[in-house]
>>> print(open('coords-v4.cif').read())   # mmCIF, C-alpha atoms
data_run
#
loop_
_atom_site.label_atom_id
_atom_site.label_comp_id
_atom_site.auth_asym_id
_atom_site.auth_seq_id
_atom_site.Cartn_x
_atom_site.Cartn_y
_atom_site.Cartn_z
CA MET A 1 38.84 118.27 78.38
CA ALA A 2 41.90 120.45 78.81
CA LEU A 3 42.25 122.35 82.02
CA GLN A 4 42.46 126.11 81.92
CA HIS A 5 44.67 128.09 84.24
CA HIS A 6 43.68 131.47 85.69
CA CYS A 7 45.63 133.98 87.73
CA TYR A 8 43.90 135.60 90.68
CA TYR A 9 45.15 138.79 92.31
CA LEU A 10 44.09 138.91 95.93
CA LYS A 11 44.98 141.51 98.49
CA SER A 12 45.97 140.61 102.02
CA ARG A 13 43.78 142.33 104.55
CA SER A 14 46.69 143.03 106.89
CA THR A 15 49.35 144.16 104.40
CA ASN A 16 47.27 145.28 101.38
CA ILE A 17 49.92 143.56 99.24
CA PRO A 18 48.58 141.74 96.17
CA ARG A 19 49.36 138.03 95.93
CA ILE A 20 49.10 135.85 92.87
CA TYR A 21 47.62 132.34 93.04
CA LEU A 22 47.39 129.88 90.20
CA ALA A 23 44.18 127.84 90.04
CA HIS A 24 42.56 125.27 87.78
CA SER A 25 39.11 126.35 86.64
CA SER A 26 37.72 122.82 86.82
CA GLY A 27 39.10 121.62 90.14
CA ASP A 28 38.97 124.52 92.59
CA ARG A 29 36.37 124.65 95.32
CA LYS A 30 33.67 127.32 95.28
CA GLU A 31 31.79 128.62 98.26
CA ASN A 32 29.02 131.28 98.12
CA GLY A 33 30.00 132.16 94.57
CA THR A 34 33.63 132.87 95.50
CA GLN A 35 36.36 130.67 94.09
CA PHE A 36 39.08 129.61 96.56
CA VAL A 37 42.44 128.53 95.17
CA LYS A 38 45.05 126.22 96.64
CA SER A 39 47.92 127.81 98.56
CA PRO A 40 51.49 127.48 97.24
CA ALA A 41 52.36 125.03 100.05
CA VAL A 42 49.58 122.71 98.89
CA GLN A 43 50.31 123.12 95.21
CA PHE A 44 54.03 122.42 95.55
CA ALA A 45 53.76 119.52 98.04
CA PRO A 46 54.34 116.86 95.33
CA LEU A 47 57.40 118.77 94.12
CA ALA A 48 58.75 118.98 97.68
CA SER A 49 58.25 115.24 98.06
CA THR A 50 60.23 114.65 94.86
CA PHE A 51 63.03 116.92 96.06
CA GLN A 52 63.15 115.04 99.37
CA ARG A 53 63.48 111.66 97.62
CA ARG A 54 66.22 113.02 95.40
CA LEU A 55 68.01 114.53 98.39
CA PHE A 56 68.15 111.20 100.21
CA LEU A 57 69.13 109.42 97.01
CA GLY A 58 71.92 111.95 96.55
CA ILE A 59 73.15 111.45 100.10
CA GLY A 60 73.20 107.69 99.59
CA THR A 61 75.06 108.02 96.30
CA ALA A 62 77.56 110.44 97.86
CA SER A 63 78.18 107.94 100.65
CA VAL A 64 78.98 105.22 98.11
CA VAL A 65 81.37 107.55 96.32
CA ALA A 66 82.98 108.44 99.64
CA ILE A 67 83.83 104.77 100.16
CA GLY A 68 86.46 105.25 97.50
CA ALA A 69 87.89 108.43 98.95
CA ASN A 70 87.30 108.27 102.71
CA PHE A 71 86.44 111.97 102.50
CA ALA A 72 86.67 113.54 105.98
CA GLY A 73 86.67 110.05 107.46
CA ILE A 74 83.18 109.25 106.12
CA THR A 75 84.19 105.79 104.91
CA SER A 76 85.74 104.82 108.24
CA PHE A 77 82.64 106.13 110.04
CA LEU A 78 80.23 104.15 107.84
CA LEU A 79 82.28 100.97 108.12
CA GLY A 80 82.45 101.50 111.89
CA LEU A 81 78.65 101.19 112.05
CA SER A 82 79.09 97.49 111.31
CA PRO A 83 82.76 96.75 112.00
CA GLU A 84 82.55 92.97 111.74
CA ILE A 85 81.20 93.11 108.19
CA GLY A 86 83.90 95.52 107.08
CA ARG A 87 86.61 93.44 108.71
CA SER A 88 85.31 90.21 107.22
CA LEU A 89 85.75 91.85 103.79
CA ARG A 90 89.24 93.05 104.82
CA LEU A 91 88.27 96.66 104.09
CA ASP A 92 90.29 97.75 107.13
CA VAL A 93 93.43 97.18 105.08
CA VAL A 94 92.53 100.41 103.25
CA TYR A 95 90.20 102.21 105.67
CA PRO A 96 90.49 102.16 109.47
CA ILE A 97 87.45 100.58 111.13
CA ALA A 98 86.49 101.41 114.72
CA GLY A 99 90.00 102.75 115.40
CA TYR A 100 92.03 99.91 113.88
CA SER A 101 93.79 99.16 110.59
CA ARG A 102 94.83 95.76 109.29
CA CYS A 103 98.25 94.57 108.20
CA ILE A 104 98.30 91.66 105.76
CA GLN A 105 101.57 90.03 104.73
CA PRO A 106 100.64 87.57 101.96
CA ASP A 107 104.23 86.49 101.30
CA GLU A 108 104.80 85.63 104.95
CA GLY A 109 101.25 84.36 105.47
CA PHE A 110 99.87 86.33 108.43
CA GLU A 111 97.69 89.30 109.35
CA PHE A 112 96.77 91.36 112.41
CA MET A 113 95.13 94.62 113.42
CA TYR A 114 96.87 97.63 114.96
CA PRO A 115 95.82 101.14 116.11
CA GLU A 116 94.98 103.36 113.14
CA THR A 117 97.35 106.12 114.29
CA TRP A 118 100.40 103.85 114.28
CA VAL A 119 102.81 103.82 111.35
CA ALA A 120 105.15 101.22 109.89
CA ASP A 121 108.79 101.10 110.95
CA GLN A 122 110.49 102.90 108.07
CA THR A 123 113.75 100.89 108.13
CA ILE A 124 111.91 97.60 107.83
CA PHE A 125 109.45 99.06 105.33
CA TYR A 126 112.11 100.30 102.92
CA ARG A 127 114.00 97.02 103.22
CA ALA A 128 110.84 95.16 102.24
CA VAL A 129 110.31 97.50 99.27
CA GLU A 130 113.90 96.96 98.14
CA LYS A 131 113.47 93.19 98.38
CA ALA A 132 110.25 93.31 96.36
CA GLU A 133 111.89 95.46 93.68
CA LEU A 134 114.77 93.03 93.35
CA GLU A 135 112.38 90.09 93.00
CA ARG A 136 110.39 91.88 90.27
CA SER A 137 113.40 93.24 88.41
CA LEU A 138 114.32 91.68 85.06
CA ASP A 139 117.89 92.99 85.29
CA PRO A 140 120.70 90.73 86.55
CA PRO A 141 121.58 91.18 90.23
CA PRO A 142 124.22 93.83 91.01
CA LEU A 143 127.82 92.71 91.45
CA THR A 144 127.73 93.87 95.06
CA SER A 145 124.75 91.68 95.93
CA GLY A 146 127.04 89.16 97.59
CA THR A 147 128.03 91.72 100.19
CA ARG A 148 124.45 92.92 100.79
CA ARG A 149 123.37 92.63 104.40
CA LYS A 150 120.93 89.73 104.84
CA ARG A 151 118.04 89.84 107.26
CA ASN A 152 118.71 88.09 110.53
CA VAL A 153 116.26 85.30 111.31
CA ASN A 154 115.40 87.12 114.55
CA GLU A 155 114.75 90.43 112.80
CA PRO A 156 111.09 91.53 112.39
CA VAL A 157 109.52 91.37 108.95
CA ILE A 158 107.10 94.15 109.93
CA ALA A 159 106.70 96.54 112.85
CA PHE A 160 104.29 99.35 113.78
CA GLY A 161 104.37 102.05 116.41
CA PRO A 162 103.26 105.62 117.16
CA PRO A 163 104.82 108.30 114.92
CA GLY A 164 108.06 109.62 116.33
CA SER A 165 108.37 106.90 118.98
CA THR A 166 111.70 105.44 120.03
CA GLY A 167 110.62 101.80 119.72
CA GLU A 168 109.67 101.31 123.36
CA LEU A 169 106.03 101.12 122.27
CA ASN A 170 105.46 98.93 119.22
CA VAL A 171 104.28 95.65 117.76
CA SER A 172 106.46 93.48 115.55
CA VAL A 173 106.37 90.05 113.93
CA ILE A 174 109.29 87.68 113.46
CA VAL A 175 109.06 84.75 111.03
CA SER A 176 111.77 82.13 111.49
CA PRO A 177 112.41 79.05 109.33
CA VAL A 178 111.93 75.73 111.13
CA PRO A 179 111.57 72.10 109.99
CA LEU A 180 108.29 71.41 108.19
CA ASP A 181 107.10 69.09 110.97
CA PHE A 182 107.94 71.56 113.78
CA ARG A 183 105.12 72.05 116.29
CA ILE A 184 104.90 73.99 119.55
CA GLU A 185 102.50 71.53 121.20
CA PRO A 186 105.18 68.96 122.16
CA PHE A 187 106.74 71.61 124.42
CA GLY A 188 103.58 71.80 126.52
CA GLY A 189 100.56 74.04 126.95
CA PRO A 190 100.54 77.85 127.12
CA GLU A 191 101.64 77.89 130.76
CA GLU A 192 104.63 75.61 130.16
CA VAL A 193 105.67 77.45 127.00
CA GLY A 194 105.22 80.79 128.75
CA GLN A 195 107.45 79.75 131.64
CA ALA A 196 110.05 78.53 129.15
CA VAL A 197 110.01 81.96 127.49
CA ILE A 198 110.46 83.64 130.87
CA LYS A 199 113.36 81.36 131.67
CA SER A 200 115.04 82.18 128.37
CA ILE A 201 114.72 85.91 129.11
CA THR A 202 116.10 85.75 132.64
CA GLY A 203 118.63 82.99 131.96
CA SER A 204 120.94 85.12 129.85
CA SER A 205 124.34 85.51 131.49
CA ARG A 206 124.77 88.82 129.69
CA ARG A 207 121.94 90.45 131.67
CA PRO A 208 121.77 88.87 135.11
CA ASP A 209 119.85 91.87 136.47
CA VAL A 210 116.83 91.24 134.20
CA LYS A 211 113.74 89.78 135.85
CA ALA A 212 110.53 88.55 134.22
CA VAL A 213 107.20 87.15 135.33
CA LEU A 214 104.44 85.42 133.36
CA LEU A 215 101.11 87.17 133.99
CA ARG A 216 98.71 85.32 131.71
CA SER A 217 98.65 82.50 129.17
CA ASN A 218 95.94 81.32 126.79
CA LEU A 219 95.47 78.84 123.95
CA ARG A 220 93.44 80.00 120.94
CA GLY A 221 92.71 77.27 118.44
CA ASP A 222 91.86 77.57 114.74
CA SER A 223 90.13 74.42 113.56
CA VAL A 224 89.97 75.62 109.94
CA ARG A 225 93.71 76.06 109.47
CA LYS A 226 94.54 73.53 112.18
CA VAL A 227 96.86 75.81 114.11
CA ASN A 228 97.09 76.74 117.79
CA TYR A 229 97.99 80.25 118.89
CA TYR A 230 99.84 80.55 122.21
CA GLU A 231 98.98 83.93 123.75
CA LEU A 232 101.30 85.11 126.51
CA GLU A 233 101.38 88.21 128.69
CA PHE A 234 104.48 88.91 130.78
CA ARG A 235 106.43 91.71 132.39
CA VAL A 236 110.19 92.25 132.07
CA GLU A 237 112.14 94.65 134.25
CA SER A 238 115.66 95.68 135.12
CA PRO A 239 117.26 98.64 136.94
CA SER A 240 117.01 100.61 133.69
CA PHE A 241 113.53 99.71 132.37
CA GLN A 242 110.15 98.13 133.09
CA ARG A 243 108.32 96.67 130.12
CA HIS A 244 104.95 94.97 129.59
CA ASN A 245 104.63 92.47 126.74
CA VAL A 246 101.86 90.57 124.97
CA ALA A 247 103.05 87.86 122.59
CA VAL A 248 101.50 85.30 120.25
CA CYS A 249 103.39 82.24 118.98
CA CYS A 250 102.44 79.60 116.44
CA ALA A 251 104.05 77.35 113.83
CA GLN A 252 102.96 76.05 110.45
CA ASN A 253 104.48 74.96 107.12
CA GLY A 254 108.07 75.29 108.26
CA ARG A 255 107.68 78.71 109.80
CA LEU A 256 107.65 79.84 113.43
CA TYR A 257 105.66 83.03 113.92
CA THR A 258 106.17 85.31 116.91
CA LEU A 259 104.17 88.49 117.37
CA ASN A 260 105.32 90.71 120.24
CA ALA A 261 103.70 93.94 121.43
CA GLN A 262 105.63 95.85 124.07
CA ALA A 263 105.11 99.04 126.08
CA PRO A 264 106.71 100.76 129.06
CA GLU A 265 104.98 99.60 132.23
CA LEU A 266 103.88 103.17 132.96
CA MET A 267 101.87 103.18 129.72
CA TRP A 268 100.28 99.77 130.15
CA ASN A 269 96.85 100.93 131.33
CA ASP A 270 96.58 103.22 128.32
CA VAL A 271 97.43 100.59 125.70
CA LYS A 272 96.35 97.24 127.14
CA GLN A 273 93.06 97.12 125.22
CA ASP A 274 94.96 97.83 122.00
CA PHE A 275 97.42 95.07 122.83
CA TYR A 276 94.67 92.55 123.51
CA LYS A 277 93.01 93.48 120.21
CA ILE A 278 96.32 93.05 118.37
CA ALA A 279 96.93 89.65 119.94
CA THR A 280 93.47 88.20 119.28
CA SER A 281 93.49 89.49 115.68
CA PHE A 282 96.78 87.82 114.76
CA SER A 283 96.17 84.86 112.48
CA LEU A 284 97.75 82.93 109.62
CA THR A 285 96.39 83.37 106.14
CA SER A 286 97.93 80.39 104.36
#
>>> encode(input="coords-v4.cif", output="structure tokens")
Amino acid sequence: MALQHHCYYLKSRSTNIPRIYLAHSSGDRKENGTQFVKSPAVQFAPLASTFQRRLFLGIGTASVVAIGANFAGITSFLLGLSPEIGRSLRLDVVYPIAGYSRCIQPDEGFEFMYPETWVADQTIFYRAVEKAELERSLDPPPLTSGTRRKRNVNEPVIAFGPPGSTGELNVSVIVSPVPLDFRIEPFGGPEEVGQAVIKSITGSSRRPDVKAVLLRSNLRGDSVRKVNYYELEFRVESPSFQRHNVAVCCAQNGRLYTLNAQAPELMWNDVKQDFYKIATSFSLTS
């Protein structure tokens, strides 16, 4: 049996303003011969519930879309709720997670994290772009290529630092060619290698006024890639500067990797947690 709808005009006792209620003739409750109708809040409760579900669904969908745009930092915020998952997927290469971005160098075979506000050294960056363009180009090399400046083996392949900095605060990585069977382990443990590094810094006859001291050394092993990372912390000073360094060294497949993060000693307390994060995140990818 079809339901019939009726409109009832009732006047409020306090305002004398007529109100309209919609009621079903077969389902409304009667009392003492008077028919009471459902209030709008009751009648529209199912609709409100539907709107609520759609609202939350819309928020969830918008969050997924924001992953692709990082609108107002939403993506970084969401990934920061579970940073280890985002980092395991290497999403921090595109979106900063918990204050850090990731640098991956597939050609050189390493990666590490750095503060999200830091930027790449432009000189090194443009040199890398130029090298990549030359490798991809189908044209013959220019006639002047023989006179092109080649990268020194002790020159960083990548470097990051705060925008507008002078280079006193930065992190850089040097990749040097070595024999395929070269290993650091024969030179001793982290303490012995660290002291050797200190001796090489202070032993230069060109700067006899430079002093250095090893503050900490640690060995971090990677059983999967079968590589040991030598983590060193040391301070270098002279009459003209005082510098705090955190370095990581390792060797594999004919390459010696050296990551070095440096800061003026006066800034050390402000950046030490960043430096420790950088050092522990450095790893080989091939």
>>> residues_around(input="coords-v4.cif", residues="segment 266-273 of chain A", least_positions_apart="6", cutoff="9 Å", atoms="all atoms listed in the file", output="list in words")
Leu169, Gln242, Arg243, His244 and Val246 of chain A
>>> resolve_selection(input="coords-v4.cif", expression="the PyMOL selection byres ((chain A and resi 108) around 10)", output="list in words")
Ile104, Gln105, Pro106, Asp107, Gly109, Phe110, Glu111, Val157, Ile174, Val175, Arg255, Tyr257, Leu284, Thr285 and Ser286 of chain A
>>> resolve_selection(input="coords-v4.cif", expression="the PyMOL selection byres ((chain A and resi 219-230) around 10)", output="list in words")
Arg183, Ile184, Glu185, Gly189, Pro190, Glu191, Val193, Gly194, Ser217, Asn218, Glu231, Leu232, Ala247, Val248, Cys249, Cys250, Ala251, Gln252, Tyr257, Thr258, Ala279, Thr280, Phe282, Ser283, Leu284, Thr285 and Ser286 of chain A
>>> write_last_selection(input="coords-v4.cif", atoms="C-alpha atoms", output="mmCIF file, keeping the file's coordinate frame")
data_model
loop_
_atom_site.group_PDB
_atom_site.id
_atom_site.type_symbol
_atom_site.label_atom_id
_atom_site.label_comp_id
_atom_site.auth_asym_id
_atom_site.auth_seq_id
_atom_site.Cartn_x
_atom_site.Cartn_y
_atom_site.Cartn_z
ATOM 1 C CA ARG A 183 105.120 72.050 116.290
ATOM 2 C CA ILE A 184 104.900 73.990 119.550
ATOM 3 C CA GLU A 185 102.500 71.530 121.200
ATOM 4 C CA GLY A 189 100.560 74.040 126.950
ATOM 5 C CA PRO A 190 100.540 77.850 127.120
ATOM 6 C CA GLU A 191 101.640 77.890 130.760
ATOM 7 C CA VAL A 193 105.670 77.450 127.000
ATOM 8 C CA GLY A 194 105.220 80.790 128.750
ATOM 9 C CA SER A 217 98.650 82.500 129.170
ATOM 10 C CA ASN A 218 95.940 81.320 126.790
ATOM 11 C CA GLU A 231 98.980 83.930 123.750
ATOM 12 C CA LEU A 232 101.300 85.110 126.510
ATOM 13 C CA ALA A 247 103.050 87.860 122.590
ATOM 14 C CA VAL A 248 101.500 85.300 120.250
ATOM 15 C CA CYS A 249 103.390 82.240 118.980
ATOM 16 C CA CYS A 250 102.440 79.600 116.440
ATOM 17 C CA ALA A 251 104.050 77.350 113.830
ATOM 18 C CA GLN A 252 102.960 76.050 110.450
ATOM 19 C CA TYR A 257 105.660 83.030 113.920
ATOM 20 C CA THR A 258 106.170 85.310 116.910
ATOM 21 C CA ALA A 279 96.930 89.650 119.940
ATOM 22 C CA THR A 280 93.470 88.200 119.280
ATOM 23 C CA PHE A 282 96.780 87.820 114.760
ATOM 24 C CA SER A 283 96.170 84.860 112.480
ATOM 25 C CA LEU A 284 97.750 82.930 109.620
ATOM 26 C CA THR A 285 96.390 83.370 106.140
ATOM 27 C CA SER A 286 97.930 80.390 104.360
#
>>> resolve_selection(input="coords-v4.cif", expression="the PyMOL selection byres ((chain A and resi 178) around 8)", output="mmCIF file with C-alpha atoms, keeping the file's coordinate frame")
data_model
loop_
_atom_site.group_PDB
_atom_site.id
_atom_site.type_symbol
_atom_site.label_atom_id
_atom_site.label_comp_id
_atom_site.auth_asym_id
_atom_site.auth_seq_id
_atom_site.Cartn_x
_atom_site.Cartn_y
_atom_site.Cartn_z
ATOM 1 C CA SER A 176 111.770 82.130 111.490
ATOM 2 C CA PRO A 177 112.410 79.050 109.330
ATOM 3 C CA PRO A 179 111.570 72.100 109.990
ATOM 4 C CA LEU A 180 108.290 71.410 108.190
ATOM 5 C CA PHE A 182 107.940 71.560 113.780
ATOM 6 C CA GLY A 254 108.070 75.290 108.260
ATOM 7 C CA ARG A 255 107.680 78.710 109.800
ATOM 8 C CA LEU A 256 107.650 79.840 113.430
#
>>> closest_residue(input="coords-v4.cif", among="A:Pro162, A:Gly167, A:Gly188, A:Pro239", to="Glu116 of chain A", atoms="all atoms listed in the file")
A:Pro162
>>> atom_distance(input="coords-v4.cif", atom1="atom CA of Phe275 of chain A", atom2="atom CA of Arg102 of chain A")
13.8 Å
>>> atom_distance(input="coords-v4.cif", atom1="atom CA of Ala263 of chain A", atom2="atom CA of Asn170 of chain A")
6.9 Å
